[in-house]
>>> print(open('entry29.pdb').read())   # PDB, C-alpha atoms, pLDDT in the B column
ATOM      1  CA  PRO A 225       0.000   0.000   0.000  1.00 81.00           C
ATOM      2  CA  LEU A 226       1.038   3.581  -0.623  1.00 95.00           C
ATOM      3  CA  GLN A 227       2.189   5.825   2.192  1.00 97.00           C
ATOM      4  CA  SER A 228       0.088   8.957   2.454  1.00 98.00           C
ATOM      5  CA  LEU A 229      -0.770  12.031   4.445  1.00 97.00           C
ATOM      6  CA  LEU A 230      -4.423  12.751   5.208  1.00 98.00           C
ATOM      7  CA  PHE A 231      -5.460  16.208   6.348  1.00 97.00           C
ATOM      8  CA  LEU A 232      -8.887  16.902   7.813  1.00 95.00           C
ATOM      9  CA  PRO A 233     -10.366  20.431   7.875  1.00 93.00           C
ATOM     10  CA  LYS A 234      -9.686  22.246  11.153  1.00 86.00           C
ATOM     11  CA  LYS A 235     -13.230  23.653  11.188  1.00 85.00           C
ATOM     12  CA  GLN A 236     -16.310  21.462  10.863  1.00 84.00           C
ATOM     13  CA  VAL A 237     -17.323  21.263   7.184  1.00 82.00           C
ATOM     14  CA  GLU A 238     -20.623  19.704   6.170  1.00 88.00           C
ATOM     15  CA  ASN A 239     -20.174  17.157   3.374  1.00 92.00           C
ATOM     16  CA  PRO A 240     -16.489  18.046   2.829  1.00 94.00           C
ATOM     17  CA  PRO A 241     -14.970  17.433  -0.590  1.00 97.00           C
ATOM     18  CA  LEU A 242     -11.873  15.317  -1.070  1.00 98.00           C
ATOM     19  CA  ILE A 243      -8.870  16.843  -2.800  1.00 98.00           C
ATOM     20  CA  VAL A 244      -6.238  14.355  -3.928  1.00 98.00           C
ATOM     21  CA  TYR A 245      -2.795  15.920  -4.416  1.00 98.00           C
ATOM     22  CA  LEU A 246      -0.103  14.086  -6.404  1.00 98.00           C
ATOM     23  CA  HIS A 247       3.426  15.368  -5.753  1.00 97.00           C
ATOM     24  CA  GLY A 248       6.314  15.770  -8.182  1.00 96.00           C
ATOM     25  CA  ALA A 249       9.259  13.428  -8.848  1.00 96.00           C
ATOM     26  CA  GLY A 250      11.478  14.912  -6.138  1.00 95.00           C
ATOM     27  CA  GLU A 251       9.153  13.766  -3.361  1.00 97.00           C
ATOM     28  CA  ARG A 252       9.122  10.065  -4.315  1.00 97.00           C
ATOM     29  CA  GLY A 253      10.479   7.432  -1.963  1.00 97.00           C
ATOM     30  CA  GLU A 254       9.877   6.444   1.627  1.00 96.00           C
ATOM     31  CA  ASN A 255      10.444   9.689   3.551  1.00 97.00           C
ATOM     32  CA  ILE A 256       6.909  11.015   4.057  1.00 97.00           C
ATOM     33  CA  ASP A 257       8.296  14.388   5.216  1.00 97.00           C
ATOM     34  CA  HIS A 258       9.408  15.038   1.621  1.00 97.00           C
ATOM     35  CA  LEU A 259       5.752  15.673   0.769  1.00 97.00           C
ATOM     36  CA  TYR A 260       5.956  18.986   2.642  1.00 96.00           C
ATOM     37  CA  ARG A 261       8.428  20.444   0.105  1.00 94.00           C
ATOM     38  CA  HIS A 262       5.834  21.744  -2.389  1.00 93.00           C
ATOM     39  CA  GLY A 263       2.170  22.123  -3.145  1.00 94.00           C
ATOM     40  CA  ILE A 264      -0.784  21.561  -0.859  1.00 96.00           C
ATOM     41  CA  PRO A 265       1.127  19.808   1.978  1.00 97.00           C
ATOM     42  CA  LYS A 266       3.535  22.772   2.146  1.00 96.00           C
ATOM     43  CA  LEU A 267       0.586  25.198   2.290  1.00 95.00           C
ATOM     44  CA  ILE A 268      -1.127  23.234   5.055  1.00 96.00           C
ATOM     45  CA  LYS A 269       2.094  22.979   7.076  1.00 96.00           C
ATOM     46  CA  SER A 270       2.477  26.770   6.817  1.00 96.00           C
ATOM     47  CA  GLY A 271      -0.997  27.230   8.331  1.00 95.00           C
ATOM     48  CA  LYS A 272      -3.255  27.471   5.277  1.00 94.00           C
ATOM     49  CA  GLN A 273      -6.811  26.403   6.137  1.00 93.00           C
ATOM     50  CA  ILE A 274      -8.402  24.212   3.454  1.00 94.00           C
ATOM     51  CA  PRO A 275     -12.122  23.411   3.874  1.00 94.00           C
ATOM     52  CA  ALA A 276     -11.699  19.910   2.471  1.00 96.00           C
ATOM     53  CA  ILE A 277     -10.235  16.526   3.278  1.00 97.00           C
ATOM     54  CA  VAL A 278      -6.861  16.380   1.534  1.00 98.00           C
ATOM     55  CA  LEU A 279      -5.194  13.100   0.582  1.00 98.00           C
ATOM     56  CA  CYS A 280      -1.525  13.172  -0.397  1.00 98.00           C
ATOM     57  CA  PRO A 281      -0.175   9.756  -1.394  1.00 98.00           C
ATOM     58  CA  GLN A 282       3.559   9.182  -1.815  1.00 98.00           C
ATOM     59  CA  CYS A 283       4.837   7.557  -4.992  1.00 98.00           C
ATOM     60  CA  PRO A 284       7.504   4.864  -4.479  1.00 98.00           C
ATOM     61  CA  ALA A 285      10.959   5.843  -5.777  1.00 97.00           C
ATOM     62  CA  GLN A 286      11.036   3.326  -8.635  1.00 97.00           C
ATOM     63  CA  PHE A 287       7.719   4.496 -10.166  1.00 98.00           C
ATOM     64  CA  VAL A 288       5.904   7.507 -11.562  1.00 98.00           C
ATOM     65  CA  TRP A 289       2.188   8.073 -10.932  1.00 98.00           C
ATOM     66  CA  ASN A 290       1.257   6.836 -14.405  1.00 97.00           C
ATOM     67  CA  ASN A 291       2.644   3.366 -13.477  1.00 96.00           C
ATOM     68  CA  ILE A 292       0.520   2.974 -10.357  1.00 98.00           C
ATOM     69  CA  VAL A 293      -2.921   4.425 -11.121  1.00 98.00           C
ATOM     70  CA  GLN A 294      -4.627   1.300  -9.713  1.00 98.00           C
ATOM     71  CA  ASP A 295      -2.852   1.733  -6.378  1.00 98.00           C
ATOM     72  CA  VAL A 296      -3.753   5.428  -6.219  1.00 98.00           C
ATOM     73  CA  LYS A 297      -7.403   4.663  -7.043  1.00 98.00           C
ATOM     74  CA  ALA A 298      -7.544   1.947  -4.356  1.00 98.00           C
ATOM     75  CA  LEU A 299      -6.236   4.416  -1.761  1.00 98.00           C
ATOM     76  CA  ILE A 300      -8.749   7.075  -2.861  1.00 98.00           C
ATOM     77  CA  ASP A 301     -11.598   4.544  -2.663  1.00 98.00           C
ATOM     78  CA  LYS A 302     -10.506   3.570   0.866  1.00 98.00           C
ATOM     79  CA  VAL A 303     -10.487   7.222   2.028  1.00 98.00           C
ATOM     80  CA  VAL A 304     -13.823   7.920   0.306  1.00 98.00           C
ATOM     81  CA  GLN A 305     -15.391   5.017   2.188  1.00 97.00           C
ATOM     82  CA  GLU A 306     -13.752   5.725   5.566  1.00 96.00           C
ATOM     83  CA  CYS A 307     -14.530   9.457   5.461  1.00 96.00           C
ATOM     84  CA  ASN A 308     -17.987   9.028   3.904  1.00 94.00           C
ATOM     85  CA  ILE A 309     -17.199  11.384   1.013  1.00 96.00           C
ATOM     86  CA  SER A 310     -19.861  12.043  -1.609  1.00 96.00           C
ATOM     87  CA  LYS A 311     -18.879  10.509  -4.959  1.00 95.00           C
ATOM     88  CA  ASP A 312     -19.536  13.851  -6.700  1.00 97.00           C
ATOM     89  CA  ARG A 313     -17.069  15.719  -4.462  1.00 97.00           C
ATOM     90  CA  ILE A 314     -13.749  14.073  -5.382  1.00 98.00           C
ATOM     91  CA  ALA A 315     -11.195  16.308  -7.093  1.00 98.00           C
ATOM     92  CA  ILE A 316      -7.609  15.590  -8.110  1.00 98.00           C
ATOM     93  CA  THR A 317      -4.641  17.849  -8.706  1.00 98.00           C
ATOM     94  CA  GLY A 318      -0.894  17.495  -8.822  1.00 98.00           C
ATOM     95  CA  SER A 319       2.216  19.247 -10.012  1.00 96.00           C
ATOM     96  CA  SER A 320       4.912  18.191 -12.482  1.00 97.00           C
ATOM     97  CA  MET A 321       5.055  14.384 -12.309  1.00 98.00           C
ATOM     98  CA  GLY A 322       1.848  14.782 -10.313  1.00 98.00           C
ATOM     99  CA  GLY A 323       0.384  16.889 -13.127  1.00 98.00           C
ATOM    100  CA  PHE A 324       1.029  14.014 -15.521  1.00 98.00           C
ATOM    101  CA  GLY A 325      -0.485  11.672 -12.929  1.00 98.00           C
ATOM    102  CA  THR A 326      -3.541  13.909 -12.597  1.00 98.00           C
ATOM    103  CA  TRP A 327      -4.161  13.731 -16.343  1.00 98.00           C
ATOM    104  CA  GLU A 328      -3.643   9.954 -16.291  1.00 98.00           C
ATOM    105  CA  MET A 329      -6.003   9.417 -13.346  1.00 98.00           C
ATOM    106  CA  GLY A 330      -8.679  11.475 -15.092  1.00 98.00           C
ATOM    107  CA  LEU A 331      -8.196   9.555 -18.350  1.00 98.00           C
ATOM    108  CA  THR A 332      -8.090   6.128 -16.694  1.00 98.00           C
ATOM    109  CA  TYR A 333     -11.042   6.728 -14.376  1.00 98.00           C
ATOM    110  CA  SER A 334     -13.205   8.943 -16.564  1.00 95.00           C
ATOM    111  CA  ASN A 335     -16.322  10.312 -14.882  1.00 95.00           C
ATOM    112  CA  TYR A 336     -14.939   9.454 -11.432  1.00 98.00           C
ATOM    113  CA  PHE A 337     -13.549  12.876 -10.468  1.00 98.00           C
ATOM    114  CA  SER A 338     -15.731  15.960 -10.103  1.00 98.00           C
ATOM    115  CA  CYS A 339     -12.881  17.931 -11.689  1.00 98.00           C
ATOM    116  CA  ILE A 340      -9.167  17.709 -12.392  1.00 98.00           C
ATOM    117  CA  ALA A 341      -6.565  20.466 -12.063  1.00 98.00           C
ATOM    118  CA  PRO A 342      -3.164  19.369 -13.397  1.00 98.00           C
ATOM    119  CA  VAL A 343      -0.227  21.728 -12.844  1.00 97.00           C
ATOM    120  CA  ALA A 344       2.740  21.565 -15.258  1.00 97.00           C
ATOM    121  CA  GLY A 345       1.642  18.210 -16.631  1.00 98.00           C
ATOM    122  CA  GLY A 346       0.747  16.505 -19.874  1.00 98.00           C
ATOM    123  CA  GLY A 347      -0.249  13.175 -21.265  1.00 98.00           C
ATOM    124  CA  LEU A 348      -1.651  11.204 -24.157  1.00 97.00           C
ATOM    125  CA  SER A 349      -3.852  13.774 -25.867  1.00 98.00           C
ATOM    126  CA  TRP A 350      -5.475  11.220 -28.180  1.00 98.00           C
ATOM    127  CA  ARG A 351      -7.240   9.766 -25.101  1.00 98.00           C
ATOM    128  CA  CYS A 352      -8.837  13.081 -24.080  1.00 98.00           C
ATOM    129  CA  ALA A 353     -12.324  12.147 -25.334  1.00 98.00           C
ATOM    130  CA  LYS A 354     -12.578  10.354 -21.967  1.00 98.00           C
ATOM    131  CA  LEU A 355     -12.600  13.787 -20.261  1.00 98.00           C
ATOM    132  CA  ILE A 356     -15.500  15.429 -22.096  1.00 97.00           C
ATOM    133  CA  ASN A 357     -17.723  15.184 -18.988  1.00 97.00           C
ATOM    134  CA  THR A 358     -15.037  16.236 -16.489  1.00 98.00           C
ATOM    135  CA  PRO A 359     -14.260  19.915 -15.855  1.00 98.00           C
ATOM    136  CA  VAL A 360     -10.538  20.511 -16.413  1.00 98.00           C
ATOM    137  CA  LYS A 361      -8.570  23.550 -15.294  1.00 98.00           C
ATOM    138  CA  ALA A 362      -4.871  23.149 -16.069  1.00 98.00           C
ATOM    139  CA  TYR A 363      -2.128  25.492 -14.839  1.00 97.00           C
ATOM    140  CA  HIS A 364       1.281  25.969 -16.412  1.00 97.00           C
ATOM    141  CA  GLY A 365       4.088  28.525 -16.143  1.00 95.00           C
ATOM    142  CA  THR A 366       4.932  30.284 -19.389  1.00 95.00           C
ATOM    143  CA  ILE A 367       8.694  29.936 -18.819  1.00 94.00           C
ATOM    144  CA  ASP A 368       8.723  26.367 -17.455  1.00 94.00           C
ATOM    145  CA  ASN A 369      11.951  24.773 -18.716  1.00 93.00           C
ATOM    146  CA  ALA A 370      11.349  21.358 -17.101  1.00 93.00           C
ATOM    147  CA  VAL A 371       7.882  20.651 -18.567  1.00 95.00           C
ATOM    148  CA  PRO A 372       7.206  22.894 -21.567  1.00 95.00           C
ATOM    149  CA  LEU A 373       3.868  24.750 -21.698  1.00 97.00           C
ATOM    150  CA  VAL A 374       2.989  22.952 -24.940  1.00 97.00           C
ATOM    151  CA  TYR A 375       2.328  19.747 -22.943  1.00 97.00           C
ATOM    152  CA  SER A 376      -0.638  21.339 -21.150  1.00 98.00           C
ATOM    153  CA  THR A 377      -1.740  23.183 -24.285  1.00 98.00           C
ATOM    154  CA  LEU A 378      -1.980  19.931 -26.267  1.00 98.00           C
ATOM    155  CA  MET A 379      -4.067  18.262 -23.566  1.00 98.00           C
ATOM    156  CA  VAL A 380      -6.463  21.180 -23.027  1.00 98.00           C
ATOM    157  CA  ASN A 381      -6.949  21.653 -26.769  1.00 98.00           C
ATOM    158  CA  ALA A 382      -7.629  17.935 -27.201  1.00 98.00           C
ATOM    159  CA  VAL A 383     -10.300  17.893 -24.466  1.00 98.00           C
ATOM    160  CA  ASN A 384     -11.984  20.903 -26.066  1.00 98.00           C
ATOM    161  CA  ASN A 385     -11.694  19.478 -29.597  1.00 98.00           C
ATOM    162  CA  PHE A 386     -13.511  16.357 -28.377  1.00 98.00           C
ATOM    163  CA  GLY A 387     -16.307  18.549 -26.994  1.00 98.00           C
ATOM    164  CA  GLY A 388     -15.241  18.831 -23.360  1.00 98.00           C
ATOM    165  CA  LYS A 389     -14.729  21.870 -21.161  1.00 96.00           C
ATOM    166  CA  ALA A 390     -11.077  22.470 -20.389  1.00 98.00           C
ATOM    167  CA  GLN A 391      -9.344  25.703 -19.499  1.00 98.00           C
ATOM    168  CA  LEU A 392      -5.629  26.490 -19.448  1.00 98.00           C
ATOM    169  CA  VAL A 393      -4.353  29.126 -17.037  1.00 97.00           C
ATOM    170  CA  GLU A 394      -0.972  30.330 -18.255  1.00 96.00           C
ATOM    171  CA  LEU A 395       1.041  31.686 -15.344  1.00 92.00           C
ATOM    172  CA  GLU A 396       3.023  34.564 -16.847  1.00 89.00           C
ATOM    173  CA  ASN A 397       6.753  34.470 -16.137  1.00 86.00           C
ATOM    174  CA  PHE A 398       6.446  31.400 -13.899  1.00 86.00           C
ATOM    175  CA  GLY A 399       9.061  28.696 -14.191  1.00 84.00           C
ATOM    176  CA  HIS A 400       8.723  25.107 -13.054  1.00 86.00           C
ATOM    177  CA  ASN A 401       8.797  25.492  -9.256  1.00 79.00           C
ATOM    178  CA  ASP A 402       7.816  29.161  -8.941  1.00 71.00           C
ATOM    179  CA  GLY A 403       4.918  30.123  -6.706  1.00 64.00           C
TER
END
>>> encode(input="entry29.pdb", output="structure tokens")
Amino acid sequence: PLQSLLFLPKKQVENPPLIVYLHGAGERGENIDHLYRHGIPKLIKSGKQIPAIVLCPQCPAQFVWNNIVQDVKALIDKVVQECNISKDRIAITGSSMGGFGTWEMGLTYSNYFSCIAPVAGGGLSWRCAKLINTPVKAYHGTIDNAVPLVYSTLMVNAVNNFGGKAQLVELENFGHNDG
């Protein structure tokens, strides 16, 4: 089973949504504290209040998210059941390798997530017809040298060309780990 962090809202939230956050390649391995380096875990550790249940799995060192979508889905299903989360309130996001994983989770489990929000990711655009019923809001820095902006552009355009609703937010003058 995957290691993970699970954050519950500090204030009582009726019917809280679940946000799944997939980290980047640098946080893989067995040291769970590495998850606090970037993204949602870093925000929560710094005191940010998020009115949702947040699940942050850790990818084993020898894999990328795209290799282990079944394991990620099994963990999500377990948390959904244990926390009694409404099936229409499950969102997924992730950055860099996690952005690729977010696209792959949405493509593999179409109509499962209420929305997906990949950051600096990409994927197999020819599969994007599977996302026509899933709201997509992708984020990408315009000067990202690690994952070029075109990766997100291709995916968003493909979803829209298939008749879906995808939006790309270009973060002006943002590189790969800015923000």
>>> closest_residue(input="entry29.pdb", among="A:Asn385, A:Asn335, A:Asn369, A:Ser376", to="A:Asn397", atoms="all atoms listed in the file")
A:Asn369
>>> resolve_selection(input="entry29.pdb", expression="the PyMOL selection byres ((chain A and resi 349-356) around 10)", output="JSON, numbers by chain")
{"A": [327, 328, 330, 331, 332, 333, 334, 335, 337, 339, 340, 346, 347, 348, 357, 358, 359, 360, 375, 376, 377, 378, 379, 380, 381, 382, 383, 384, 385, 386, 387, 388, 389, 390]}
>>> axis_aligned_box(input="entry29.pdb", around="stretch 374-378 of chain A", padding_each_side="3 Å", output="lines of an AutoDock Vina configuration file")
center_x = 0.5
center_y = 21.5
center_z = -23.7
size_x = 11.0
size_y = 9.4
size_z = 11.1
>>> closest_residue(input="entry29.pdb", among="A:Pro265, A:Pro284, A:Gly250, A:Pro241", to="A:Pro225", atoms="only C-alpha atoms")
A:Pro284
>>> closest_residue(input="entry29.pdb", among="A:Pro281, A:Gly318, A:Pro342, A:Pro240", to="A:Gly263", atoms="all atoms listed in the file")
A:Gly318
>>> closest_residue(input="entry29.pdb", among="A:Leu232, A:Gly345, A:Gly365, A:Leu259", to="A:Val303", atoms="only C-alpha atoms")
A:Leu232
>>> closest_residue(input="entry29.pdb", among="A:Met329, A:Arg261, A:Leu299, A:Ile316", to="A:Gln227", atoms="all atoms listed in the file")
A:Leu299
>>> resolve_selection(input="entry29.pdb", expression="the PyMOL selection byres ((chain A and resi 235) around 12)", output="VMD selection string")
chain A and resid 231 to 234 236 to 238 240 273 to 277
>>> closest_residue(input="entry29.pdb", among="A:Ala285, A:Ala370, A:Leu246, A:Ala362", to="A:Ile264", atoms="only C-alpha atoms")
A:Leu246
